[in-house]
$ cat final-v8.tsv   # TSV, C-alpha atoms
chain	number	residue	atom	x	y	z
A	120	MET	CA	64.89	140.30	179.26
A	121	GLU	CA	66.45	138.27	182.11
A	122	GLN	CA	62.98	137.06	183.00
A	123	LEU	CA	62.40	136.02	179.41
A	124	LYS	CA	65.67	134.08	179.29
A	125	GLN	CA	64.77	132.31	182.55
A	126	ASN	CA	61.37	131.36	181.14
A	127	ILE	CA	62.94	130.01	177.97
A	128	LYS	CA	65.41	127.96	180.04
A	129	LYS	CA	62.56	126.60	182.12
A	130	MET	CA	60.59	125.64	179.02
A	131	LEU	CA	63.63	123.89	177.55
A	132	GLU	CA	64.46	122.11	180.80
A	133	SER	CA	60.94	120.86	181.41
A	134	GLY	CA	60.72	119.51	177.88
A	135	GLU	CA	57.80	121.76	177.03
A	136	ILE	CA	59.79	122.68	173.96
A	137	ALA	CA	62.54	120.65	172.34
A	138	GLY	CA	64.27	123.72	170.98
A	139	PHE	CA	63.95	127.47	170.88
A	140	LEU	CA	64.54	129.35	167.67
A	141	GLY	CA	65.83	132.79	168.53
A	142	ILE	CA	68.68	135.10	167.71
A	143	LYS	CA	72.12	134.65	169.22
A	144	GLU	CA	74.92	137.13	169.28
A	145	GLN	CA	78.04	135.51	167.94
A	146	ASP	CA	81.24	137.48	167.44
A	147	GLY	CA	79.19	140.65	167.47
A	148	HIS	CA	76.78	139.43	164.80
A	149	PRO	CA	73.17	138.54	165.49
A	150	ILE	CA	72.39	135.21	163.84
A	151	PRO	CA	69.33	132.97	164.00
A	152	TYR	CA	70.04	130.05	166.30
A	153	LEU	CA	68.23	127.01	167.64
A	154	PHE	CA	68.78	126.83	171.40
A	155	THR	CA	68.53	123.28	172.76
A	156	PRO	CA	68.21	121.77	176.28
A	157	GLU	CA	71.72	120.28	175.91
A	158	HIS	CA	73.31	123.73	175.93
A	159	LEU	CA	71.16	125.74	178.31
A	160	ASP	CA	73.95	128.22	179.07
A	161	GLN	CA	73.80	129.44	175.48
A	162	VAL	CA	70.39	130.95	176.19
A	163	ASP	CA	72.29	133.73	177.99
A	164	ASP	CA	73.49	134.85	174.55
A	165	PHE	CA	69.91	135.23	173.30
A	166	VAL	CA	69.40	138.79	172.09
A	167	VAL	CA	66.58	140.78	170.54
A	168	PRO	CA	68.36	143.11	168.14
A	169	GLU	CA	66.70	145.43	165.68
A	170	VAL	CA	67.35	143.18	162.73
A	171	ARG	CA	65.03	140.71	161.17
A	172	TYR	CA	65.37	137.18	159.94
A	173	PRO	CA	62.58	135.14	158.33
A	174	MET	CA	61.94	133.24	161.57
A	175	ALA	CA	58.79	131.56	160.27
A	176	LYS	CA	60.68	130.27	157.25
A	177	ILE	CA	63.55	128.94	159.35
A	178	LEU	CA	60.98	127.35	161.65
A	179	LEU	CA	59.35	125.70	158.66
A	180	ASN	CA	62.67	124.12	157.69
A	181	ILE	CA	63.16	122.84	161.24
A	182	VAL	CA	59.61	121.51	161.38
A	183	ARG	CA	60.11	119.68	158.10
A	184	LYS	CA	63.10	117.93	159.64
A	185	TYR	CA	61.55	117.29	163.08
A	186	PRO	CA	57.80	117.15	162.46
A	187	ASP	CA	56.86	115.82	165.92
A	188	LYS	CA	58.95	118.08	168.17
A	189	PRO	CA	57.50	121.11	169.94
A	190	ILE	CA	59.54	124.18	169.04
A	191	GLY	CA	59.55	127.62	170.59
A	192	VAL	CA	60.16	130.53	168.29
A	193	MET	CA	60.78	134.21	168.71
A	194	VAL	CA	58.20	136.11	166.68
A	195	ARG	CA	57.76	139.74	165.79
A	196	GLY	CA	54.50	141.01	164.34
A	197	CYS	CA	55.52	139.97	160.84
A	198	ASP	CA	56.65	136.48	161.89
A	199	ASP	CA	53.41	136.03	163.75
A	200	ARG	CA	51.36	136.86	160.65
A	201	ALA	CA	53.49	134.34	158.77
A	202	LEU	CA	52.76	131.70	161.42
A	203	VAL	CA	49.03	132.32	161.06
A	204	GLU	CA	49.27	131.71	157.32
A	205	LEU	CA	51.48	128.64	157.71
A	206	VAL	CA	48.92	127.14	160.09
A	207	LYS	CA	46.09	128.00	157.69
A	208	ASN	CA	47.97	126.28	154.90
A	209	GLN	CA	48.66	123.25	157.08
A	210	LYS	CA	52.41	123.63	156.96
A	211	ILE	CA	52.84	123.66	160.73
A	212	LEU	CA	50.76	122.34	163.61
A	213	PRO	CA	49.78	125.11	166.03
A	214	GLU	CA	50.00	122.75	169.02
A	215	LEU	CA	53.68	122.12	168.32
A	216	VAL	CA	54.70	125.77	168.09
A	217	ARG	CA	55.18	128.06	171.09
A	218	PRO	CA	55.56	131.62	169.85
A	219	ILE	CA	57.46	134.02	172.09
A	220	GLY	CA	56.15	137.40	171.04
A	221	ILE	CA	58.39	140.43	170.68
A	222	ALA	CA	56.84	143.87	170.17
A	223	CYS	CA	58.92	146.16	167.99
A	224	SER	CA	59.94	149.69	168.94
A	225	GLN	CA	58.40	152.72	167.27
A	226	ALA	CA	61.59	153.48	165.37
A	227	PHE	CA	61.86	149.91	164.05
A	228	ALA	CA	58.18	149.85	163.11
A	229	GLU	CA	58.65	153.03	161.13
A	230	TYR	CA	61.75	151.67	159.45
A	231	CYS	CA	59.79	148.61	158.33
A	232	ARG	CA	56.61	150.61	157.57
A	233	CYS	CA	54.89	147.89	159.53
A	234	SER	CA	51.12	147.65	159.59
A	235	GLN	CA	51.16	145.61	162.77
A	236	PRO	CA	54.45	145.81	164.71
A	237	PHE	CA	53.36	143.45	167.46
A	238	PRO	CA	52.38	139.75	167.65
A	239	ARG	CA	49.14	138.38	169.07
A	240	GLU	CA	50.75	137.65	172.41
A	241	ILE	CA	53.54	139.90	173.68
A	242	HIS	CA	56.24	138.52	175.98
A	243	TYR	CA	58.79	141.28	175.55
A	244	GLY	CA	58.69	144.93	174.56
A	245	GLU	CA	56.03	147.59	174.51
A	246	LYS	CA	53.27	147.59	171.95
A	247	VAL	CA	53.40	150.56	169.57
A	248	GLY	CA	50.86	151.67	166.99
A	249	PRO	CA	50.84	150.60	163.34
A	250	VAL	CA	52.55	152.70	160.71
A	251	ALA	CA	50.32	153.54	157.76
A	252	ASP	CA	52.52	154.55	154.87
A	253	ARG	CA	51.26	154.23	151.31
A	254	SER	CA	53.79	156.60	149.79
A	255	ASP	CA	55.46	153.87	147.68
A	256	LEU	CA	52.14	152.89	146.10
A	257	GLU	CA	51.11	156.51	145.62
A	258	THR	CA	54.30	157.27	143.73
A	259	VAL	CA	53.41	154.63	141.15
A	260	GLU	CA	49.70	155.47	141.13
A	261	SER	CA	50.43	159.10	140.33
A	262	MET	CA	51.98	158.04	137.02
A	263	GLY	CA	50.06	157.48	133.79
A	264	ILE	CA	49.72	153.90	132.57
A	265	PRO	CA	52.49	153.94	129.89
A	266	GLU	CA	54.77	155.73	132.32
A	267	ARG	CA	54.21	153.00	134.91
A	268	LEU	CA	55.32	150.33	132.48
A	269	ASN	CA	58.51	152.27	131.77
A	270	TYR	CA	59.14	152.61	135.46
A	271	TRP	CA	58.58	148.92	136.21
A	272	MET	CA	60.47	147.63	133.19
A	273	GLY	CA	63.37	149.81	134.31
A	274	GLN	CA	63.18	148.29	137.76
A	275	PHE	CA	62.70	144.71	136.58
A	276	SER	CA	65.60	144.95	134.14
A	277	LYS	CA	67.93	145.26	137.14
A	278	CYS	CA	66.95	141.74	138.25
A	279	ILE	CA	69.80	139.24	138.34
A	280	LYS	CA	67.44	136.31	138.93
A	281	CYS	CA	69.03	135.38	142.24
A	282	TYR	CA	65.69	134.13	143.62
A	283	GLY	CA	66.53	136.00	146.83
A	284	CYS	CA	62.97	137.32	147.11
A	285	ARG	CA	61.56	133.84	146.92
A	286	ASN	CA	64.13	132.24	149.16
A	287	ILE	CA	63.60	134.66	152.01
A	288	CYS	CA	59.82	134.80	151.71
A	289	PRO	CA	58.08	133.07	154.63
A	290	MET	CA	55.07	132.46	152.38
A	291	CYS	CA	57.08	130.65	149.67
A	292	PHE	CA	56.54	127.14	150.90
A	293	CYS	CA	55.44	125.40	147.69
A	294	GLU	CA	57.12	122.10	146.91
A	295	GLN	CA	57.46	123.08	143.27
A	296	CYS	CA	58.04	126.66	142.30
A	297	THR	CA	56.36	128.24	139.28
A	298	LEU	CA	59.46	130.36	138.82
A	299	GLU	CA	61.36	127.18	137.97
A	300	ASP	CA	58.71	125.82	135.63
A	301	ASP	CA	60.10	125.90	132.12
A	302	THR	CA	56.67	125.92	130.50
A	303	LEU	CA	56.13	129.38	132.01
A	304	ILE	CA	59.61	130.81	132.43
A	305	SER	CA	62.79	130.30	130.48
A	306	THR	CA	64.88	128.42	133.01
A	307	GLY	CA	68.64	128.31	133.21
A	308	GLU	CA	69.03	131.76	131.78
A	309	ALA	CA	69.79	135.08	133.38
A	310	PRO	CA	68.57	137.80	133.31
A	311	PRO	CA	64.96	136.61	133.54
A	312	GLU	CA	62.17	137.36	131.10
A	313	ILE	CA	60.49	140.53	132.23
A	314	PRO	CA	57.91	141.42	133.35
A	315	ILE	CA	56.51	137.86	133.57
A	316	PHE	CA	59.06	136.68	136.13
A	317	HIS	CA	58.09	139.35	138.61
A	318	LEU	CA	54.39	139.41	137.76
A	319	ILE	CA	53.99	135.68	138.31
A	320	ARG	CA	55.43	136.09	141.76
A	321	ALA	CA	53.37	139.21	142.36
A	322	PHE	CA	50.15	137.44	141.49
A	323	HIS	CA	51.14	134.41	143.51
A	324	MET	CA	51.48	136.70	146.51
A	325	ALA	CA	47.81	137.71	146.31
A	326	GLY	CA	46.17	136.19	149.35
A	327	ARG	CA	49.53	135.17	150.75
A	328	CYS	CA	51.78	138.19	151.24
A	329	ILE	CA	51.87	139.22	154.87
A	330	ASP	CA	53.73	142.45	154.05
A	331	CYS	CA	56.90	141.81	156.02
A	332	GLY	CA	59.07	143.46	153.38
A	333	LEU	CA	61.93	140.99	153.69
A	334	CYS	CA	61.91	140.49	149.90
A	335	GLU	CA	62.76	144.11	149.29
A	336	GLU	CA	65.43	144.05	152.00
A	337	ALA	CA	66.96	140.94	150.48
A	338	CYS	CA	66.92	142.15	146.87
A	339	PRO	CA	70.50	142.95	145.80
A	340	ALA	CA	69.21	145.03	142.88
A	341	HIS	CA	66.91	147.16	145.06
A	342	ILE	CA	63.76	146.45	143.06
A	343	PRO	CA	60.76	147.88	144.93
A	344	LEU	CA	59.12	144.45	145.11
A	345	ARG	CA	57.22	145.22	148.24
A	346	SER	CA	55.06	147.83	146.47
A	347	LEU	CA	53.92	145.18	144.00
A	348	TYR	CA	52.94	142.75	146.73
A	349	ARG	CA	51.40	145.47	148.86
A	350	LYS	CA	49.26	146.38	145.89
A	351	VAL	CA	47.86	142.86	145.49
A	352	ARG	CA	47.38	142.66	149.24
A	353	GLU	CA	45.39	145.86	149.12
A	354	GLU	CA	43.30	144.56	146.21
A	355	MET	CA	42.49	141.37	148.06
A	356	SER	CA	41.27	143.40	150.97
A	357	GLU	CA	39.29	145.78	148.78
A	358	TYR	CA	37.59	143.24	146.53
A	359	LEU	CA	37.33	140.19	148.73
A	360	GLY	CA	37.72	141.55	152.24
A	361	TYR	CA	40.63	139.20	152.77
A	362	VAL	CA	43.71	140.21	154.69
A	363	SER	CA	46.30	137.46	154.93
A	364	GLY	CA	48.01	136.98	158.25
A	365	THR	CA	44.89	137.57	160.30
A	366	GLU	CA	43.10	134.76	162.06
A	367	ASP	CA	39.58	136.02	161.44
A	368	SER	CA	39.64	135.36	157.71
A	369	GLU	CA	39.34	131.95	156.14
A	370	LYS	CA	41.65	130.45	153.55
A	371	ASP	CA	42.85	132.25	150.46
A	372	PRO	CA	39.66	133.15	148.54
A	373	LEU	CA	41.50	132.76	145.23
A	374	GLU	CA	41.88	129.06	145.95
A	375	PHE	CA	39.02	128.15	148.23
A	376	LEU	CA	35.47	129.32	147.88
A	377	GLY	CA	34.65	129.11	151.56
A	378	SER	CA	31.18	129.12	153.01
A	379	GLU	CA	29.94	132.09	150.95
A	380	GLY	CA	31.46	130.74	147.77
A	381	TYR	CA	28.47	130.84	145.50
A	382	GLU	CA	28.10	134.56	145.71
A	383	VAL	CA	29.96	137.00	143.56
A	384	PRO	CA	31.24	139.82	145.76
A	385	SER	CA	29.51	142.97	144.51
A	386	LYS	CA	32.75	144.88	143.98
A	387	ILE	CA	34.03	142.10	141.73
A	388	ASP	CA	30.78	141.82	139.82
A	389	GLU	CA	31.04	145.44	138.74
A	390	THR	CA	34.40	145.01	137.07
S	174	MET	CA	49.05	137.99	112.61
S	175	SER	CA	49.94	139.48	109.25
S	176	ASP	CA	49.23	143.13	108.76
S	177	LYS	CA	46.53	144.10	106.35
S	178	LYS	CA	47.56	147.11	104.31
S	179	GLY	CA	50.11	148.00	106.97
S	180	GLY	CA	47.38	148.36	109.59
S	181	PHE	CA	47.45	146.85	113.04
S	182	GLU	CA	45.91	143.41	113.41
S	183	PRO	CA	45.55	142.43	117.05
S	184	LYS	CA	46.57	139.02	118.27
S	185	ILE	CA	44.09	137.74	120.80
S	186	ILE	CA	44.23	134.57	122.85
S	187	ALA	CA	40.85	133.25	123.97
S	188	PHE	CA	40.83	130.64	126.70
S	189	CYS	CA	37.57	128.69	126.40
S	190	CYS	CA	36.25	126.13	128.81
S	191	ASN	CA	35.46	122.73	127.34
S	192	TRP	CA	31.85	122.54	128.47
S	193	CYS	CA	30.31	125.90	127.62
S	194	SER	CA	32.45	128.45	125.85
S	195	TYR	CA	34.27	126.10	123.49
S	196	ALA	CA	30.94	124.56	122.57
S	197	GLY	CA	29.73	128.14	122.05
S	198	ALA	CA	32.67	128.84	119.76
S	199	ASP	CA	31.93	125.60	117.94
S	200	LEU	CA	28.33	126.60	117.51
S	201	ALA	CA	29.35	129.98	116.14
S	202	GLY	CA	31.21	128.04	113.46
S	203	SER	CA	28.32	125.67	112.76
S	204	MET	CA	25.99	128.63	112.47
S	205	ARG	CA	28.38	130.18	109.92
S	206	LEU	CA	28.66	133.31	112.04
S	207	LYS	CA	31.51	135.62	111.18
S	208	TYR	CA	33.99	136.64	113.79
S	209	PRO	CA	37.49	138.06	113.39
S	210	PRO	CA	40.30	135.58	112.76
S	211	ASN	CA	42.40	137.48	115.31
S	212	VAL	CA	40.89	135.42	118.09
S	213	LEU	CA	42.74	132.16	118.70
S	214	PRO	CA	40.77	129.85	120.96
S	215	ILE	CA	42.59	127.55	123.37
S	216	ARG	CA	40.49	124.86	124.94
S	217	VAL	CA	40.89	124.14	128.64
S	218	MET	CA	38.72	121.86	130.74
S	219	CYS	CA	37.41	124.64	132.96
S	220	SER	CA	37.91	128.37	133.24
S	221	GLY	CA	39.14	127.62	136.74
S	222	ARG	CA	42.06	125.80	135.12
S	223	ILE	CA	43.28	129.04	133.57
S	224	SER	CA	46.06	130.01	135.87
S	225	PRO	CA	46.76	133.75	135.83
S	226	HIS	CA	50.27	132.63	134.95
S	227	PHE	CA	48.96	131.46	131.55
S	228	ILE	CA	47.47	134.90	130.98
S	229	LEU	CA	50.76	136.55	131.91
S	230	LYS	CA	52.60	134.18	129.62
S	231	ALA	CA	50.29	135.13	126.74
S	232	PHE	CA	51.07	138.80	127.30
S	233	GLN	CA	54.78	138.06	127.64
S	234	LYS	CA	54.74	136.29	124.28
S	235	GLY	CA	53.15	139.27	122.59
S	236	ALA	CA	49.39	138.79	122.80
S	237	ASP	CA	47.57	142.11	122.47
S	238	GLY	CA	44.56	140.87	124.36
S	239	VAL	CA	43.46	137.87	126.39
S	240	LEU	CA	39.87	136.74	126.55
S	241	VAL	CA	38.89	134.37	129.32
S	242	THR	CA	35.57	132.65	128.82
S	243	GLY	CA	33.67	130.17	130.92
S	244	CYS	CA	30.20	128.98	131.81
S	245	HIS	CA	27.62	131.30	133.29
S	246	TYR	CA	27.42	131.45	137.07
S	247	GLY	CA	25.74	128.34	138.37
S	248	ASP	CA	26.40	126.43	135.14
S	249	CYS	CA	30.02	125.42	135.73
S	250	HIS	CA	30.53	121.76	135.02
S	251	TYR	CA	32.76	121.61	138.09
S	252	MET	CA	30.34	123.69	140.18
S	253	LYS	CA	32.54	126.63	141.08
S	254	GLY	CA	35.44	127.08	138.67
S	255	ASN	CA	34.08	130.25	137.13
S	256	TYR	CA	33.54	131.95	140.49
S	257	ILE	CA	37.23	131.59	141.24
S	258	THR	CA	38.18	132.65	137.70
S	259	LYS	CA	36.26	135.88	138.12
S	260	ARG	CA	38.10	136.65	141.35
S	261	ARG	CA	41.48	135.92	139.86
S	262	VAL	CA	40.87	137.94	136.72
S	263	THR	CA	39.69	140.92	138.77
S	264	ILE	CA	42.83	140.92	140.90
S	265	LEU	CA	45.06	140.36	137.87
S	266	LYS	CA	43.46	143.28	135.98
S	267	ASP	CA	44.31	145.60	138.83
S	268	LEU	CA	47.83	144.26	139.01
S	269	LEU	CA	48.27	144.79	135.24
S	270	LYS	CA	47.04	148.35	135.63
S	271	PHE	CA	49.49	148.92	138.45
S	272	VAL	CA	52.46	147.85	136.34
S	273	GLY	CA	51.30	149.81	133.31
S	274	ILE	CA	49.45	147.38	131.05
S	275	GLU	CA	45.93	148.54	130.12
S	276	PRO	CA	43.57	146.36	132.18
S	277	ASN	CA	41.09	146.30	129.28
S	278	ARG	CA	43.44	144.00	127.40
S	279	LEU	CA	42.11	141.28	129.66
S	280	ARG	CA	38.44	140.39	129.69
S	281	ALA	CA	36.39	137.65	131.31
S	282	ASP	CA	33.02	136.76	129.84
S	283	TRP	CA	30.55	133.96	130.27
S	284	ILE	CA	29.35	132.14	127.18
S	285	ALA	CA	27.06	129.12	127.27
S	286	GLY	CA	27.20	126.23	124.82
S	287	SER	CA	24.04	127.49	123.11
S	288	GLU	CA	25.33	131.04	122.68
S	289	GLY	CA	27.17	130.85	119.38
S	290	ASP	CA	26.00	134.35	118.56
S	291	LYS	CA	27.32	135.68	121.85
S	292	PHE	CA	30.72	134.16	121.21
S	293	ALA	CA	30.89	135.83	117.81
S	294	ARG	CA	29.71	139.13	119.29
S	295	VAL	CA	32.20	139.07	122.18
S	296	ALA	CA	35.03	138.17	119.78
S	297	ARG	CA	34.09	141.06	117.50
S	298	ASP	CA	33.70	143.60	120.32
S	299	PHE	CA	36.90	142.59	122.00
S	300	THR	CA	38.90	142.67	118.77
S	301	GLU	CA	37.60	146.17	118.07
S	302	GLU	CA	38.48	147.29	121.57
S	303	ILE	CA	42.02	145.95	121.27
S	304	ARG	CA	42.36	147.49	117.82
S	305	LEU	CA	41.62	150.87	119.37
S	306	LEU	CA	44.09	150.25	122.20
S	307	GLY	CA	46.83	149.48	119.72
S	308	PRO	CA	49.64	146.95	119.95
S	309	SER	CA	50.62	145.63	123.34
S	310	PRO	CA	53.55	147.50	124.87
S	311	LEU	CA	55.16	144.12	125.57
S	312	ARG	CA	55.08	143.11	121.91
S	313	GLY	CA	58.69	142.88	120.86
$ encode --input "final-v8.tsv" --output "structure tokens"
Amino acid sequence: MEQLKQNIKKMLESGEIAGFLGIKEQDGHPIPYLFTPEHLDQVDDFVVPEVRYPMAKILLNIVRKYPDKPIGVMVRGCDDRALVELVKNQKILPELVRPIGIACSQAFAEYCRCSQPFPREIHYGEKVGPVADRSDLETVESMGIPERLNYWMGQFSKCIKCYGCRNICPMCFCEQCTLEDDTLISTGEAPPEIPIFHLIRAFHMAGRCIDCGLCEEACPAHIPLRSLYRKVREEMSEYLGYVSGTEDSEKDPLEFLGSEGYEVPSKIDET
Amino acid sequence: MSDKKGGFEPKIIAFCCNWCSYAGADLAGSMRLKYPPNVLPIRVMCSGRISPHFILKAFQKGADGVLVTGCHYGDCHYMKGNYITKRRVTILKDLLKFVGIEPNRLRADWIAGSEGDKFARVARDFTEEIRLLGPSPLRG
């Protein structure tokens, strides 16, 4: 950890990065913080606690303000997947971002049910294996179709339309949000129309969701949103062989046809 | 849709692309082919323009079925709209199933401008299928 702090200080001092987005402990609370070369001593307060913030999303806001500055950022496995997608969608320039990779502990990975609890490049922590847990999807899949609708309508009816899921999502970077489009959704009214409000977001997550689970953590009504998005993520992988957040796949196949565009994937053709 | 003798009359939204399917629907009319009045065509420029959000909106507003039609593969006026439509519809069907809406309420089919008879046939088949499924659970 000391070594890491020294490295970050060096990078800030040499001007390799103009700022480092990490987590600082302030009055006993870990908060996301942009460390700058002007206050190098603050880097001593840099901590890696077992809490998560949408680092990629915060980075995106910084990048929008300072588009030409190189920024270092602390990334866990989930943040790293988000970075990959942000680069693919041309929201950030890879040459201006220096990720400092943090591998999560086994206990934290299990808490997050993380499919990849480590970034591409690890600077701190020991790499642990992925956690494969489909129990949330299996619970829903074990129900009959009418029963599922009852279950989901019950869940969705708890929604207070706070937009917390969207606001925390590192993949919600659109300039205009469909959830504020009054031709699709009744705007200015709470609670929202269900299930369309949640289904629009769920479909929008196909090919985007990196399965970080921050949406579900942020939801004040405890709606199991993550299961919905995990489901579309799984479908994308099953039908189109696309897993978002990995570098080896091209752009979202629901928007771009890619090099093999004029073929209908056999699994899709059968449906 | 008004009920005939108290029976269930499905309400079906058909999105038709301007270049093939809508022309197909037009031809069905010119040929005086009969198809159920339950199907309400909406013309869009390309099936690729049909955002899944439109389909969800149709269901939200009480449609019992949604039919998405476009050109045959390789015939799309914009080259590749229908390939993307097929992908989107497939993913959306699975999502609908996951949240408890019968996936068969959504269908994608390809109808060329010369296939008036196919349009009438698809409209008939789909209406019958929806009739068997009954009213949409989202119909308020």
$ interface_residues --input "final-v8.tsv" --of "chain S" --to "chain A" --cutoff "10 Å" --atoms "only C-alpha atoms" --output "ChimeraX atom specification"
/S:221,225-234,246-247,252-254,256-276,280-281,310-311
$ atom_distance --input "final-v8.tsv" --atom1 "CA of Tyr243 in chain A" --atom2 "CA of Cys328 in chain A"
25.5 Å
$ atom_distance --input "final-v8.tsv" --atom1 "CA of Ala137 in chain A" --atom2 "CA of Lys210 in chain A"
18.7 Å
$ atom_distance --input "final-v8.tsv" --atom1 "CA of Ile287 in chain A" --atom2 "CA of Pro173 in chain A"
6.4 Å
$ closest_residue --input "final-v8.tsv" --among "S:Arg304, S:Arg312, S:Arg278, S:Lys291" --to "Glu182 in chain S" --atoms "all atoms listed in the file"
S:Arg304
$ closest_residue --input "final-v8.tsv" --among "A:Gln209, A:Gln145, A:Gln274, A:Asn180" --to "Phe165 in chain A" --atoms "only C-alpha atoms"
A:Gln145
$ residues_around --input "final-v8.tsv" --residues "His250 in chain S" --least-positions-apart "2" --cutoff "10 Å" --atoms "all atoms listed in the file" --output "JSON, numbers by chain"
{"S": [190, 191, 192, 193, 218, 219, 243, 244, 247, 248, 252, 253, 254, 255]}
$ residues_near_point --input "final-v8.tsv" --point "(66.3, 140.6, 155.9)" --cutoff "9 Å" --atoms "only C-alpha atoms" --output "PyMOL selection string"
chain A and resi 170-173+287+332-337
$ residues_around --input "final-v8.tsv" --residues "Glu132 in chain A" --least-positions-apart "5" --cutoff "10 Å" --atoms "all atoms listed in the file" --output "list in words"
Asn126, Ile127, Ala137, Gly138, Thr155, Pro156, Glu157 and Leu159 of chain A
$ residues_around --input "final-v8.tsv" --residues "Ile215 in chain S" --least-positions-apart "5" --cutoff "9 Å" --atoms "all atoms listed in the file" --output "list of chain:residue names"
S:Ile186, S:Ala187, S:Phe188, S:Cys189, S:Cys190, S:Tyr195
$ residues_around --input "final-v8.tsv" --residues "Pro311 in chain A" --least-positions-apart "2" --cutoff "10 Å" --atoms "all atoms listed in the file" --output "list in words"
Phe275, Ser276, Lys277, Cys278, Ile279, Lys280, Cys281, Leu298, Ile304, Ser305, Thr306, Gly307, Glu308, Ala309, Ile313, Pro314, Ile315, Phe316 and His317 of chain A
$ closest_residue --input "final-v8.tsv" --among "A:Pro343, A:Gly364, A:Pro168, A:Pro149" --to "Met120 in chain A" --atoms "only C-alpha atoms"
A:Pro168
